[in-house]
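For reference, the structure is listed below as structure tokens.
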Amino acid sequence: MSSSHPKESWNSRIGIILAVSGSAVGLGNFLRFPGLAAKHGGGAFMLAYFVSFLIIGLSICWAEWAMGRAGGQKGRNSSPGILAAITGQSNYKYFGVIGVLIPVMIYMYYVYIEAWCLGYSVNFLAGNLDFSNGEEASAFFGAFVGAGADGSAFGFGIKQVGWFLVAVFILNFILIYRGLSRGIELFCKYAMPALMVLAFVVLIRVLTIGTPDPANPDLNVNNGLGYMWNPSKTIVESRSSDGAWAKINEVVGDNAIATATAQAAADESLRVRKVSLTQQLLNFQLWLDAAGQIFFSLSIGFGVIINYSSYLKRKDDVVLSGLAATSANEFCEVGLGGLMTVPAAFTFLGIAGATGSTLGLGFNALPMVFASMPAGALFGFLFFFLLFLAAVTSSLSMLQPGIAFLEESMDIDRKKSVSVLGIITALGSGFVVYFSKDLKALDTIDFWVGTFLIFVLATIQIIIFGWVIGIKRGLKMANQGALFKVPPIYGIIMKYVTPTFLLIIFALWTIQNVFGYNILTGEQDYSSYVKDLFIQPNGVARFSVVLIILVAAFFTILTAIAPKFKSNDEGGNAK
Amino acid sequence: MTLGGWIIMIVSVCSVTCLFSWCIHKVLTTPEEEEDKMHGFEIETPDTKK
């Protein structure tokens, strides 16, 4: 923060809690979490999920809150400035560049998805989403986002994303221009409660669906919840010529299980098998998915919390605020998202409709679900509007770290930094939206920045907290002004367990998702993201990575030459 | 849904709801600490005290 510009701060404690939880609550809470829980079996997944929450989620969250506030007290609000100030070592500023790069790059494609949510809610109101089958839903989605050809997303009709993109882009920048308390905090104070109320309304509708199609009695909301939460799963397997059994599908509901059992009794190449909770817990993919969900859902390792908390006052309680913000996210994820989307999709479309990718569930399956239910246009509008609110509160948080960084590194005021960031993100979003064929640019940036770099930054942050700052001093920083202190056991967890757990998860994730090595079978096939760059080069994927590198280089140069990052003169050494 | 499914769902949903409610209750009922004020010199000095 330049001494020549007024220091910004939050208006109230509840304001920053809603802002941080707003940053965390997004599409993943309502679409990704339920899909993963259903895939792995509710009981086993929730066990791994809560373990990950305690080991990874709370640890990194408290570390980020404490480091951010400490950096803010030294006059720094950007991730490079904060890391340099609290470690007392100027070179750590370069690690901090990742904390600016991640939110800015993610914003470039997230605002595009945000526009889809707004577009879908408006189209539900206009009665344009009355699909009768999956092909219609897929066709509408493809045309709306321009997935058919590059450049086709720049259409400006109601059934195209153009105007919606312009609207959400302007909305974000108006709010961010108004500043922390009059923009982000004010919006989140209304948007977060509104989002929860909308979610309750849709949830009540879903839970009272009953059995919409009497001809398919197994497709009811009770079985939908069972598909999501049952601790054991019933699967049908077939035997191949070499004698190995392979899963065909999962069955849910008494009638479906009875039918599958009868078929298996009549056919020796089929069998019905129950997979217990213990067997599911032995599946390492389940642990990887649970840890990943906690990780991405809480916005840790994102560069946002460390920035938001830098605007706190010296005696603000980061332990309670951190716990409150994460619990708000968990409530939205488990308490609302976990009861809503997958059970609804199962009830109308069966298991086939309730599985698949996050975007597939959200923008193909669920529109069909709402189209099938009474007053579906209204509930479809409400659901996509709640996703839109969740997306705005998240995208706002992606802009503030960039604003703070530009203010500090270029010594400019908020007006100018908003303008510079607006140009950078408009160019980046334009790139992502133009190269919309198969959503290649979006997918590539999401993988390398939205997944890979987040692992990297979170690992760096927890190691800095536990080993560079030192766990004793780190916990002292966190406990300052706290109503209750971080439990002492977290000293050991944050120093040893979290980094180890994180490094193992990161290594396994890299082996599997980058190098394409299947640990269980030993087979290897490079991931499509690596193939796109080196093996079967794809121009858009390569340009996307070049864009990431260009933005990273720009931020690194600014970090290197900015007088404020060259020494800790202004803030002084934190030690 | 099986009995195990009901138990897991209720325990999971109730635990996050209770944690969230407790946190919000604490946040709303605990007064925020005022920042330390910068003091100037004391007007009343020890030698003026009786």
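Chain identifiers are assigned as A, B, and so on, following the order in which chains appear in the structure tokens; residues are numbered from 1 within each chain, and ligands are numbered from 1 in order of appearance.
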Sorted by chain and rising residue number, list the residues of chain A at most 7 Å from chain B (counting only C-alpha atoms), each with its closest atom pair and distance in Å to one decimal, as a tab-separated table.
```
residue	atom	partner	partner_atom	distance
A:Ile14	CA	B:Val27	CA	6.9
A:Gly43	CA	B:Ile8	CA	5.9
A:Asn222	CA	B:Met1	CA	5.8
A:Asn223	CA	B:Met1	CA	5.4
A:Leu225	CA	B:Met1	CA	6.4
A:Gly226	CA	B:Met1	CA	3.9
A:Trp229	CA	B:Gly5	CA	4.9
A:Asn230	CA	B:Gly5	CA	3.8
A:Pro231	CA	B:Gly5	CA	5.8
A:Lys315	CA	B:Glu33	CA	6.5
A:Ala324	CA	B:Cys23	CA	5.0
A:Ser327	CA	B:Phe20	CA	4.9
A:Ala328	CA	B:Phe20	CA	5.6
A:Glu330	CA	B:Val16	CA	6.1
A:Phe331	CA	B:Val16	CA	5.3
A:Val334	CA	B:Val13	CA	6.0
A:Gly335	CA	B:Val13	CA	4.8
```
* **strand (DSSP E) positions in range 136-283 of chain A, given as a PyMOL selection string** => chain A and resi 233-239+245-251+270-275
Residue subset to file, keeping N, CA and C atoms, as a PDB file, in the first residue's frame:
```pdb
ATOM      1  N   LYS A 233     -22.116 -49.613  -2.155  1.00  0.00           N
ATOM      2  CA  LYS A 233     -22.665 -49.500  -3.496  1.00  0.00           C
ATOM      3  C   LYS A 233     -22.942 -50.886  -4.065  1.00  0.00           C
ATOM      4  N   THR A 234     -23.942 -50.996  -4.902  1.00  0.00           N
ATOM      5  CA  THR A 234     -24.227 -52.256  -5.586  1.00  0.00           C
ATOM      6  C   THR A 234     -23.881 -52.073  -7.052  1.00  0.00           C
ATOM      7  N   ILE A 235     -22.937 -52.901  -7.522  1.00  0.00           N
ATOM      8  CA  ILE A 235     -22.522 -52.742  -8.921  1.00  0.00           C
ATOM      9  C   ILE A 235     -22.711 -54.041  -9.694  1.00  0.00           C
ATOM     10  N   VAL A 236     -22.922 -53.881 -10.969  1.00  0.00           N
ATOM     11  CA  VAL A 236     -23.047 -55.036 -11.863  1.00  0.00           C
ATOM     12  C   VAL A 236     -21.729 -55.148 -12.633  1.00  0.00           C
ATOM     13  N   GLU A 237     -21.173 -56.373 -12.654  1.00  0.00           N
ATOM     14  CA  GLU A 237     -19.905 -56.583 -13.351  1.00  0.00           C
ATOM     15  C   GLU A 237     -20.061 -57.670 -14.403  1.00  0.00           C
ATOM     16  N   SER A 238     -19.255 -57.589 -15.419  1.00  0.00           N
ATOM     17  CA  SER A 238     -19.248 -58.654 -16.429  1.00  0.00           C
ATOM     18  C   SER A 238     -17.843 -59.251 -16.513  1.00  0.00           C
ATOM     19  N   ARG A 239     -17.809 -60.537 -16.869  1.00  0.00           N
ATOM     20  CA  ARG A 239     -16.510 -61.215 -16.949  1.00  0.00           C
ATOM     21  C   ARG A 239     -16.023 -61.218 -18.394  1.00  0.00           C
ATOM     22  N   TRP A 245     -13.160 -59.505 -13.933  1.00  0.00           N
ATOM     23  CA  TRP A 245     -14.472 -58.858 -13.806  1.00  0.00           C
ATOM     24  C   TRP A 245     -14.308 -57.354 -13.979  1.00  0.00           C
ATOM     25  N   ALA A 246     -15.200 -56.784 -14.756  1.00  0.00           N
ATOM     26  CA  ALA A 246     -15.150 -55.328 -14.966  1.00  0.00           C
ATOM     27  C   ALA A 246     -16.529 -54.731 -14.715  1.00  0.00           C
ATOM     28  N   LYS A 247     -16.526 -53.558 -14.100  1.00  0.00           N
ATOM     29  CA  LYS A 247     -17.795 -52.909 -13.744  1.00  0.00           C
ATOM     30  C   LYS A 247     -18.548 -52.449 -14.996  1.00  0.00           C
ATOM     31  N   ILE A 248     -19.847 -52.759 -15.026  1.00  0.00           N
ATOM     32  CA  ILE A 248     -20.687 -52.259 -16.123  1.00  0.00           C
ATOM     33  C   ILE A 248     -21.414 -50.995 -15.663  1.00  0.00           C
ATOM     34  N   ASN A 249     -22.115 -51.138 -14.562  1.00  0.00           N
ATOM     35  CA  ASN A 249     -22.840 -49.981 -14.036  1.00  0.00           C
ATOM     36  C   ASN A 249     -23.194 -50.193 -12.565  1.00  0.00           C
ATOM     37  N   GLU A 250     -23.727 -49.138 -11.967  1.00  0.00           N
ATOM     38  CA  GLU A 250     -24.183 -49.209 -10.582  1.00  0.00           C
ATOM     39  C   GLU A 250     -25.697 -49.284 -10.591  1.00  0.00           C
ATOM     40  N   VAL A 251     -26.256 -49.991  -9.631  1.00  0.00           N
ATOM     41  CA  VAL A 251     -27.722 -50.031  -9.556  1.00  0.00           C
ATOM     42  C   VAL A 251     -28.171 -49.530  -8.187  1.00  0.00           C
ATOM     43  N   LEU A 270     -22.257 -62.468 -15.816  1.00  0.00           N
ATOM     44  CA  LEU A 270     -22.626 -61.282 -15.039  1.00  0.00           C
ATOM     45  C   LEU A 270     -22.619 -61.615 -13.558  1.00  0.00           C
ATOM     46  N   ARG A 271     -22.331 -60.614 -12.752  1.00  0.00           N
ATOM     47  CA  ARG A 271     -22.499 -60.784 -11.309  1.00  0.00           C
ATOM     48  C   ARG A 271     -22.844 -59.438 -10.677  1.00  0.00           C
ATOM     49  N   VAL A 272     -23.563 -59.521  -9.560  1.00  0.00           N
ATOM     50  CA  VAL A 272     -23.906 -58.315  -8.799  1.00  0.00           C
ATOM     51  C   VAL A 272     -23.066 -58.330  -7.525  1.00  0.00           C
ATOM     52  N   ARG A 273     -22.371 -57.258  -7.278  1.00  0.00           N
ATOM     53  CA  ARG A 273     -21.453 -57.228  -6.131  1.00  0.00           C
ATOM     54  C   ARG A 273     -21.687 -55.968  -5.311  1.00  0.00           C
ATOM     55  N   LYS A 274     -21.567 -56.156  -4.005  1.00  0.00           N
ATOM     56  CA  LYS A 274     -21.702 -55.020  -3.100  1.00  0.00           C
ATOM     57  C   LYS A 274     -20.312 -54.529  -2.730  1.00  0.00           C
ATOM     58  N   VAL A 275     -20.060 -53.246  -2.880  1.00  0.00           N
ATOM     59  CA  VAL A 275     -18.764 -52.669  -2.505  1.00  0.00           C
ATOM     60  C   VAL A 275     -18.954 -51.959  -1.170  1.00  0.00           C
TER      61      VAL A 275
END
```
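Counting only C-alpha atoms, the residue from A:Leu558, A:Ile98, A:Ile463, A:Leu27 that sits nearest to Glu407 in chain A is A:Leu558.
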* Which polymer residues have any atom within 8 Å of an atom of Val514 in chain A, counting only C-alpha atoms, with same-chain residues fewer than 5 positions away left out, as a VMD selection string? -> chain A and resid 509 526 to 527 529 to 530
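The space between CA of Gly474 in chain A and CA of Tyr496 in chain A spans 14.0 Å.
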* To do: Report the residues of range 255-384 of chain A whose backbone DSSP state falls under helix (DSSP H, G or I), written as a PyMOL selection string.
  => chain A and resi 255-266+277-281+284-297+305-311+318-354+358-372+376-384
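Non-sequential neighbours of Leu503 in chain A (distance at most 12 Å, separation of 2 or more positions within a chain, only C-alpha atoms) are A:Ile56, A:Leu288, A:Ala291, A:Phe455, A:Val456, A:Leu457, A:Ala458, A:Thr459, A:Ile460, A:Ile462, A:Ile463, A:Tyr496, A:Val497, A:Thr498, A:Pro499, A:Thr500, A:Phe501, A:Ile505, A:Phe506, A:Ala507, A:Leu508, A:Trp509, A:Thr510, A:Ile511.
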Now that the selection is made, can you save its residues with C-alpha atoms as a PDB file, in the first residue's frame?
```pdb
ATOM      1  CA  ILE A  56      -5.454 -29.548   4.705  1.00  0.00           C
ATOM      2  CA  LEU A 288      -7.244 -37.854  -4.073  1.00  0.00           C
ATOM      3  CA  ALA A 291      -8.487 -33.853  -0.779  1.00  0.00           C
ATOM      4  CA  PHE A 455      -1.223 -27.103  -5.514  1.00  0.00           C
ATOM      5  CA  VAL A 456       2.134 -25.369  -5.917  1.00  0.00           C
ATOM      6  CA  LEU A 457       1.128 -22.184  -4.111  1.00  0.00           C
ATOM      7  CA  ALA A 458      -0.608 -23.962  -1.229  1.00  0.00           C
ATOM      8  CA  THR A 459       2.465 -26.131  -0.691  1.00  0.00           C
ATOM      9  CA  ILE A 460       4.740 -23.076  -0.741  1.00  0.00           C
ATOM     10  CA  ILE A 462       2.275 -23.942   4.280  1.00  0.00           C
ATOM     11  CA  ILE A 463       6.032 -24.562   4.087  1.00  0.00           C
ATOM     12  CA  TYR A 496       4.673 -31.929   9.362  1.00  0.00           C
ATOM     13  CA  VAL A 497       1.356 -33.505   8.449  1.00  0.00           C
ATOM     14  CA  THR A 498      -0.103 -30.900   6.080  1.00  0.00           C
ATOM     15  CA  PRO A 499       3.025 -30.435   3.923  1.00  0.00           C
ATOM     16  CA  THR A 500       3.566 -34.199   3.759  1.00  0.00           C
ATOM     17  CA  PHE A 501      -0.076 -34.931   2.958  1.00  0.00           C
ATOM     18  CA  ILE A 505      -1.433 -35.771  -2.970  1.00  0.00           C
ATOM     19  CA  PHE A 506       0.364 -33.428  -5.384  1.00  0.00           C
ATOM     20  CA  ALA A 507       2.819 -36.142  -6.446  1.00  0.00           C
ATOM     21  CA  LEU A 508       0.043 -38.686  -7.001  1.00  0.00           C
ATOM     22  CA  TRP A 509      -2.051 -36.126  -8.846  1.00  0.00           C
ATOM     23  CA  THR A 510       0.891 -35.190 -11.094  1.00  0.00           C
ATOM     24  CA  ILE A 511       1.773 -38.801 -11.808  1.00  0.00           C
TER      25      ILE A 511
END
```
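For the set A:Phe30, A:Phe405, A:Tyr120, A:Tyr109, the residue with the smallest atom-to-atom gap to Thr559 in chain A is A:Phe405, counting only C-alpha atoms.
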* **Shell around range 360-362 of chain A at 12 Å using only C-alpha atoms, local window under 6 positions removed, as JSON, numbers by chain** => {"A": [27, 28, 29, 30, 31, 32, 33, 34, 35, 36, 113, 116, 117, 120, 134, 137, 138, 141, 142, 337, 340, 341, 342, 343, 344, 345, 346, 349, 351, 352, 353, 354, 368, 369, 370, 380, 383, 384, 387]}
Would you save the residues from that selection as a compact mmCIF listing (two decimals), in the first residue's frame, using C-alpha atoms?
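The result, stored in part.txt:
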```txt
# COMPACT_ATOMS: atom_id res chain seq x y z
CA LEU A 27 -20.07 -23.90 -8.86
CA GLY A 28 -17.98 -26.63 -7.24
CA ASN A 29 -20.15 -26.61 -4.13
CA PHE A 30 -23.34 -27.36 -6.02
CA LEU A 31 -22.02 -29.41 -8.93
CA ARG A 32 -18.58 -30.93 -8.30
CA PHE A 33 -18.94 -32.03 -4.67
CA PRO A 34 -22.21 -33.96 -5.09
CA GLY A 35 -20.84 -35.68 -8.19
CA LEU A 36 -17.72 -36.88 -6.37
CA ILE A 113 -18.71 -19.40 -16.94
CA TRP A 116 -23.32 -18.89 -18.75
CA CYS A 117 -25.04 -18.94 -15.34
CA TYR A 120 -29.19 -19.78 -18.37
CA GLY A 134 -30.39 -34.68 -23.81
CA ALA A 137 -29.81 -29.63 -23.99
CA SER A 138 -26.35 -30.37 -25.40
CA PHE A 141 -25.24 -25.46 -24.53
CA GLY A 142 -22.86 -25.89 -27.47
CA GLY A 337 -25.30 -28.82 -2.55
CA MET A 340 -29.85 -30.92 -4.17
CA THR A 341 -28.29 -31.47 -7.57
CA VAL A 342 -27.39 -35.16 -7.78
CA PRO A 343 -30.63 -36.40 -6.14
CA ALA A 344 -32.60 -34.18 -8.55
CA ALA A 345 -30.67 -35.42 -11.58
CA PHE A 346 -31.07 -39.06 -10.46
CA LEU A 349 -32.67 -38.94 -15.45
CA ILE A 351 -27.76 -42.71 -12.74
CA ALA A 352 -26.64 -41.88 -16.26
CA GLY A 353 -27.93 -38.33 -15.87
CA ALA A 354 -26.46 -37.85 -12.42
CA MET A 368 -33.42 -31.11 -18.42
CA VAL A 369 -34.34 -31.80 -14.80
CA PHE A 370 -35.90 -28.37 -14.38
CA GLY A 380 -34.43 -23.30 -13.16
CA PHE A 383 -31.03 -22.26 -9.42
CA PHE A 384 -28.96 -20.65 -12.14
CA LEU A 387 -25.04 -20.11 -9.29
```
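The list of residues with at least one atom within 7 Å of Phe45 in chain A, based on only C-alpha atoms and without residues fewer than 6 positions apart in the same chain, reads A:Ala37, A:Leu286, A:Ala290.
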* Could you tell me which of A:Phe388, A:Tyr110, A:Phe284, A:Trp10 comes closest to Gly179 in chain A if we count only C-alpha atoms? => A:Trp10
Neighbour list for Leu129 in chain A as a JSON list (two decimals) with C-alpha atoms, in the first residue's frame, cut-off 10 Å, only C-alpha atoms, skip fewer than 4 positions in-chain:
```
[["chain", "number", "residue", "atom", "x", "y", "z"],
["A", 120, "TYR", "CA", -29.19, -19.78, -18.37],
["A", 121, "SER", "CA", -31.19, -18.05, -15.64],
["A", 122, "VAL", "CA", -32.50, -15.46, -18.12],
["A", 123, "ASN", "CA", -33.26, -18.12, -20.71],
["A", 124, "PHE", "CA", -35.23, -20.11, -18.15],
["A", 125, "LEU", "CA", -37.35, -17.05, -17.46],
["A", 136, "GLU", "CA", -31.52, -30.62, -27.24],
["A", 137, "ALA", "CA", -29.81, -29.63, -23.99],
["A", 140, "PHE", "CA", -28.31, -25.44, -26.78],
["A", 159, "LYS", "CA", -29.39, -17.61, -26.83],
["A", 367, "PRO", "CA", -31.65, -27.92, -17.33],
["A", 368, "MET", "CA", -33.42, -31.11, -18.42],
["A", 370, "PHE", "CA", -35.90, -28.37, -14.38],
["A", 371, "ALA", "CA", -37.61, -28.67, -17.74],
["A", 376, "GLY", "CA", -39.47, -25.82, -13.76],
["A", 377, "ALA", "CA", -38.85, -22.47, -15.48],
["A", 380, "GLY", "CA", -34.43, -23.30, -13.16]]
```
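Here CA of Leu171 in chain A stands at a distance of 14.2 Å from CA of Gln400 in chain A.
When only C-alpha atoms are used to compute distances to Ile209 in chain A, the closest of the residues A:Asn133, A:Thr347, A:Ser299, A:Asn538 turns out to be A:Thr347.
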